[in-house]
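Everything below concerns the one structure shown next.
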Amino acid sequence: MFDVAVFGSLFLTLFVIMDPPGITPIFLALTAGRPAKIQRRMAFQAVAVAFGVIAVFGVLGQQILDYLHVSVPALMIAGGLLLLLIALDLLTGKTDEPTQTKDVNVALVPLGMPLLAGPGAIVSVILAVQHADSFATQISVWTAIVAMHVVLWLAMRYSLLIIRVIKDGGVVLVTRLAGMMLSAIAVQQIINGITQVIQGS
């Protein structure tokens, strides 16, 4: 009833793509200055949004892309551009948003999507679901997806302890580091998308 090989393969793939250790400094930078209760809620919201997006694409992904006439490379380039804009804000210190919406916005974008539920994770899930040709493999695929999101939530939830140690100066440093990391991820994602477009033409 359970395919360990399928579970392990997808879990490791998603772990590498979604990168819980790498998301930690970005999460800390984007949630800096909020009360601990709000930060914990944002960690849950971000993971919930990511799971919701990935679940929808897992069930209806190919149909959605076909209906909108959107290719996977186009999805990658769009996600990369959005991440690049967020990275520039982090690098320049322009991370303030309207008080009424900043907590929700950061949890949804960029944490939930496209950082966690990015093109790479979405495509991996779409392919895994398409190749799951039995009930056992379907269970294994969805168990791997749920397990990965639990790991992401734990990584962000307990990374908040780091803020108590690094204080305000450390948060500024982490913010700049997160901006550099995020800009590199964004540029690489755009390059990968453009490369796929060229190879497909």
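Ordering of the structure tokens sets the chain letters (A, B, ...); residue numbers start at 1 within each chain; ligands are numbered from 1 in the order shown.
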For A:Val6, find every residue with an atom within 12 Å (counting only C-alpha atoms), except residues of its own chain fewer than 3 positions away, and show them as an NGL selection string. :A and (1-3 or 9-13 or 125 or 128-129 or 131-134 or 136-145)
Residues from the last selection, C-alpha atoms, saved as a PDB file, in the first residue's frame:
ATOM      1  CA  MET A   1       0.000   0.000   0.000  1.00  0.00           C
ATOM      2  CA  PHE A   2       3.013   2.330   0.222  1.00  0.00           C
ATOM      3  CA  ASP A   3       5.924   2.770  -2.199  1.00  0.00           C
ATOM      4  CA  SER A   9      12.531  10.149  -4.484  1.00  0.00           C
ATOM      5  CA  LEU A  10       9.879  12.901  -4.450  1.00  0.00           C
ATOM      6  CA  PHE A  11      10.671  13.971  -0.875  1.00  0.00           C
ATOM      7  CA  LEU A  12      14.371  14.398  -1.668  1.00  0.00           C
ATOM      8  CA  THR A  13      13.564  16.218  -4.907  1.00  0.00           C
ATOM      9  CA  VAL A 125       4.682  17.473  -8.340  1.00  0.00           C
ATOM     10  CA  ALA A 128       5.106  12.775  -9.964  1.00  0.00           C
ATOM     11  CA  VAL A 129       1.299  12.710  -9.929  1.00  0.00           C
ATOM     12  CA  HIS A 131       3.577   9.000 -13.231  1.00  0.00           C
ATOM     13  CA  ALA A 132       1.765   7.609 -10.174  1.00  0.00           C
ATOM     14  CA  ASP A 133      -0.205   4.874 -11.919  1.00  0.00           C
ATOM     15  CA  SER A 134      -1.525   3.024  -8.877  1.00  0.00           C
ATOM     16  CA  ALA A 136      -0.100   2.936  -3.625  1.00  0.00           C
ATOM     17  CA  THR A 137       2.111   5.304  -5.606  1.00  0.00           C
ATOM     18  CA  GLN A 138      -0.506   8.075  -5.366  1.00  0.00           C
ATOM     19  CA  ILE A 139      -0.526   7.670  -1.569  1.00  0.00           C
ATOM     20  CA  SER A 140       3.286   7.759  -1.563  1.00  0.00           C
ATOM     21  CA  VAL A 141       3.389  10.929  -3.687  1.00  0.00           C
ATOM     22  CA  TRP A 142       0.901  12.843  -1.531  1.00  0.00           C
ATOM     23  CA  THR A 143       2.539  11.620   1.690  1.00  0.00           C
ATOM     24  CA  ALA A 144       5.878  12.988   0.434  1.00  0.00           C
ATOM     25  CA  ILE A 145       4.228  16.342  -0.368  1.00  0.00           C
TER      26      ILE A 145
END
Sorted by chain and rising residue number, which residues of stretch 150-192 of chain A lie within 10 Å of stretch 58-81 of chain A, and what are their closest atom pairs and distances in Å to one decimal, counting only C-alpha atoms, as a tab-separated table?
residue	atom	partner	partner_atom	distance
A:Leu182	CA	A:Gly80	CA	9.4
A:Ser183	CA	A:Gly80	CA	8.7
A:Ala184	CA	A:Gly80	CA	9.6
A:Ile185	CA	A:Gly80	CA	7.6
A:Ala186	CA	A:Gly80	CA	4.3
A:Val187	CA	A:Gly80	CA	6.4
A:Gln188	CA	A:Gly80	CA	7.8
A:Gln189	CA	A:Gly80	CA	5.2
A:Ile190	CA	A:Ile77	CA	4.5
A:Ile191	CA	A:Ile77	CA	7.8
A:Asn192	CA	A:Met76	CA	7.5
Put those residues in a file: all heavy atoms, as an mmCIF file, in the first residue's frame.
data_model
loop_
_atom_site.group_PDB
_atom_site.id
_atom_site.type_symbol
_atom_site.label_atom_id
_atom_site.label_comp_id
_atom_site.auth_asym_id
_atom_site.auth_seq_id
_atom_site.Cartn_x
_atom_site.Cartn_y
_atom_site.Cartn_z
ATOM 1 N N LEU A 182 18.387 35.428 -2.714
ATOM 2 C CA LEU A 182 17.153 35.440 -3.478
ATOM 3 C C LEU A 182 17.378 35.953 -4.894
ATOM 4 O O LEU A 182 16.800 35.434 -5.855
ATOM 5 C CB LEU A 182 16.128 36.322 -2.754
ATOM 6 C CG LEU A 182 14.651 36.080 -3.074
ATOM 7 C CD1 LEU A 182 14.308 34.607 -2.885
ATOM 8 C CD2 LEU A 182 13.779 36.942 -2.185
ATOM 9 N N SER A 183 18.238 36.957 -5.035
ATOM 10 C CA SER A 183 18.534 37.480 -6.379
ATOM 11 C C SER A 183 19.234 36.425 -7.218
ATOM 12 O O SER A 183 18.961 36.277 -8.416
ATOM 13 C CB SER A 183 19.379 38.750 -6.293
ATOM 14 O OG SER A 183 20.607 38.492 -5.657
ATOM 15 N N ALA A 184 20.139 35.654 -6.591
ATOM 16 C CA ALA A 184 20.825 34.585 -7.315
ATOM 17 C C ALA A 184 19.845 33.501 -7.751
ATOM 18 O O ALA A 184 19.891 33.002 -8.882
ATOM 19 C CB ALA A 184 21.925 33.982 -6.439
ATOM 20 N N ILE A 185 18.930 33.125 -6.841
ATOM 21 C CA ILE A 185 17.908 32.130 -7.172
ATOM 22 C C ILE A 185 17.041 32.630 -8.323
ATOM 23 O O ILE A 185 16.729 31.888 -9.263
ATOM 24 C CB ILE A 185 17.028 31.832 -5.937
ATOM 25 C CG1 ILE A 185 17.848 31.123 -4.858
ATOM 26 C CG2 ILE A 185 15.815 30.987 -6.321
ATOM 27 C CD1 ILE A 185 17.132 31.003 -3.529
ATOM 28 N N ALA A 186 16.658 33.917 -8.252
ATOM 29 C CA ALA A 186 15.793 34.501 -9.277
ATOM 30 C C ALA A 186 16.466 34.511 -10.642
ATOM 31 O O ALA A 186 15.873 34.108 -11.651
ATOM 32 C CB ALA A 186 15.409 35.927 -8.869
ATOM 33 N N VAL A 187 17.726 34.958 -10.686
ATOM 34 C CA VAL A 187 18.456 35.015 -11.956
ATOM 35 C C VAL A 187 18.624 33.619 -12.544
ATOM 36 O O VAL A 187 18.441 33.405 -13.746
ATOM 37 C CB VAL A 187 19.827 35.698 -11.761
ATOM 38 C CG1 VAL A 187 20.677 35.557 -13.011
ATOM 39 C CG2 VAL A 187 19.637 37.175 -11.428
ATOM 40 N N GLN A 188 18.962 32.645 -11.681
ATOM 41 C CA GLN A 188 19.135 31.275 -12.156
ATOM 42 C C GLN A 188 17.831 30.723 -12.715
ATOM 43 O O GLN A 188 17.814 30.036 -13.744
ATOM 44 C CB GLN A 188 19.629 30.386 -11.015
ATOM 45 C CG GLN A 188 19.967 28.961 -11.448
ATOM 46 C CD GLN A 188 21.084 28.920 -12.469
ATOM 47 O OE1 GLN A 188 22.180 29.394 -12.203
ATOM 48 N NE2 GLN A 188 20.826 28.359 -13.639
ATOM 49 N N GLN A 189 16.722 31.064 -12.052
ATOM 50 C CA GLN A 189 15.414 30.585 -12.509
ATOM 51 C C GLN A 189 15.061 31.193 -13.865
ATOM 52 O O GLN A 189 14.535 30.505 -14.751
ATOM 53 C CB GLN A 189 14.362 30.970 -11.465
ATOM 54 C CG GLN A 189 13.035 30.266 -11.645
ATOM 55 C CD GLN A 189 12.180 30.379 -10.410
ATOM 56 O OE1 GLN A 189 12.496 29.828 -9.368
ATOM 57 N NE2 GLN A 189 11.087 31.101 -10.517
ATOM 58 N N ILE A 190 15.365 32.483 -14.035
ATOM 59 C CA ILE A 190 15.105 33.144 -15.318
ATOM 60 C C ILE A 190 15.974 32.525 -16.413
ATOM 61 O O ILE A 190 15.504 32.254 -17.519
ATOM 62 C CB ILE A 190 15.375 34.656 -15.204
ATOM 63 C CG1 ILE A 190 14.339 35.306 -14.271
ATOM 64 C CG2 ILE A 190 15.331 35.323 -16.570
ATOM 65 C CD1 ILE A 190 14.656 36.728 -13.895
ATOM 66 N N ILE A 191 17.260 32.292 -16.110
ATOM 67 C CA ILE A 191 18.172 31.682 -17.079
ATOM 68 C C ILE A 191 17.675 30.298 -17.492
ATOM 69 O O ILE A 191 17.663 29.944 -18.677
ATOM 70 C CB ILE A 191 19.599 31.590 -16.500
ATOM 71 C CG1 ILE A 191 20.208 32.996 -16.373
ATOM 72 C CG2 ILE A 191 20.489 30.702 -17.365
ATOM 73 C CD1 ILE A 191 21.523 33.028 -15.636
ATOM 74 N N ASN A 192 17.240 29.498 -16.497
ATOM 75 C CA ASN A 192 16.735 28.152 -16.795
ATOM 76 C C ASN A 192 15.506 28.213 -17.707
ATOM 77 O O ASN A 192 15.361 27.424 -18.637
ATOM 78 C CB ASN A 192 16.377 27.419 -15.506
ATOM 79 C CG ASN A 192 17.594 27.054 -14.686
ATOM 80 O OD1 ASN A 192 18.725 27.084 -15.185
ATOM 81 N ND2 ASN A 192 17.392 26.742 -13.428
#
List every residue of chain A that DSSP, applied to the backbone of this structure, places in alpha helix (DSSP H), and write the result as number ranges by chain. A: 4-18, 20-31, 36-68, 72-92, 102-106, 119-131, 135-200
What does the distance from atom CA of A:Thr175 to atom CA of A:Ile86 come to in Å, to one decimal? 11.4 Å
Using 12 Å as the limit and counting only C-alpha atoms, can you tabulate each residue of stretch 115-157 of chain A that touches stretch 19-25 of chain A, with its shortest atom-to-atom distance in Å and the two atoms involved, as JSON lines?
{"residue": "A:Leu115", "atom": "CA", "partner": "A:Ile23", "partner_atom": "CA", "distance": 7.9}
{"residue": "A:Leu116", "atom": "CA", "partner": "A:Ile23", "partner_atom": "CA", "distance": 8.2}
{"residue": "A:Ala117", "atom": "CA", "partner": "A:Asp19", "partner_atom": "CA", "distance": 11.2}
{"residue": "A:Gly118", "atom": "CA", "partner": "A:Asp19", "partner_atom": "CA", "distance": 11.3}
{"residue": "A:Gly120", "atom": "CA", "partner": "A:Asp19", "partner_atom": "CA", "distance": 11.4}
{"residue": "A:Ala121", "atom": "CA", "partner": "A:Asp19", "partner_atom": "CA", "distance": 10.5}
{"residue": "A:Met148", "atom": "CA", "partner": "A:Pro20", "partner_atom": "CA", "distance": 9.0}
{"residue": "A:His149", "atom": "CA", "partner": "A:Pro20", "partner_atom": "CA", "distance": 9.4}
{"residue": "A:Val150", "atom": "CA", "partner": "A:Pro20", "partner_atom": "CA", "distance": 10.3}
{"residue": "A:Val151", "atom": "CA", "partner": "A:Pro20", "partner_atom": "CA", "distance": 7.3}
{"residue": "A:Leu152", "atom": "CA", "partner": "A:Pro20", "partner_atom": "CA", "distance": 5.4}
{"residue": "A:Trp153", "atom": "CA", "partner": "A:Pro20", "partner_atom": "CA", "distance": 8.6}
{"residue": "A:Leu154", "atom": "CA", "partner": "A:Pro20", "partner_atom": "CA", "distance": 8.9}
{"residue": "A:Ala155", "atom": "CA", "partner": "A:Pro20", "partner_atom": "CA", "distance": 6.0}
{"residue": "A:Met156", "atom": "CA", "partner": "A:Thr24", "partner_atom": "CA", "distance": 5.9}
{"residue": "A:Arg157", "atom": "CA", "partner": "A:Thr24", "partner_atom": "CA", "distance": 9.3}
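Candidate residues A:Ile26, A:Gly8, A:Leu111, A:Ala32 were compared for distance to A:Ile166, and the nearest is A:Ala32, using only C-alpha atoms.
Among the candidates A:Ser201, A:Thr195, A:Ser124, A:Ser159, the residue lying nearest to A:Ala36 is A:Ser159 (atoms considered: only C-alpha atoms).
From atom CA of A:Phe44 back to atom CA of A:Leu14, the distance works out to 18.2 Å.
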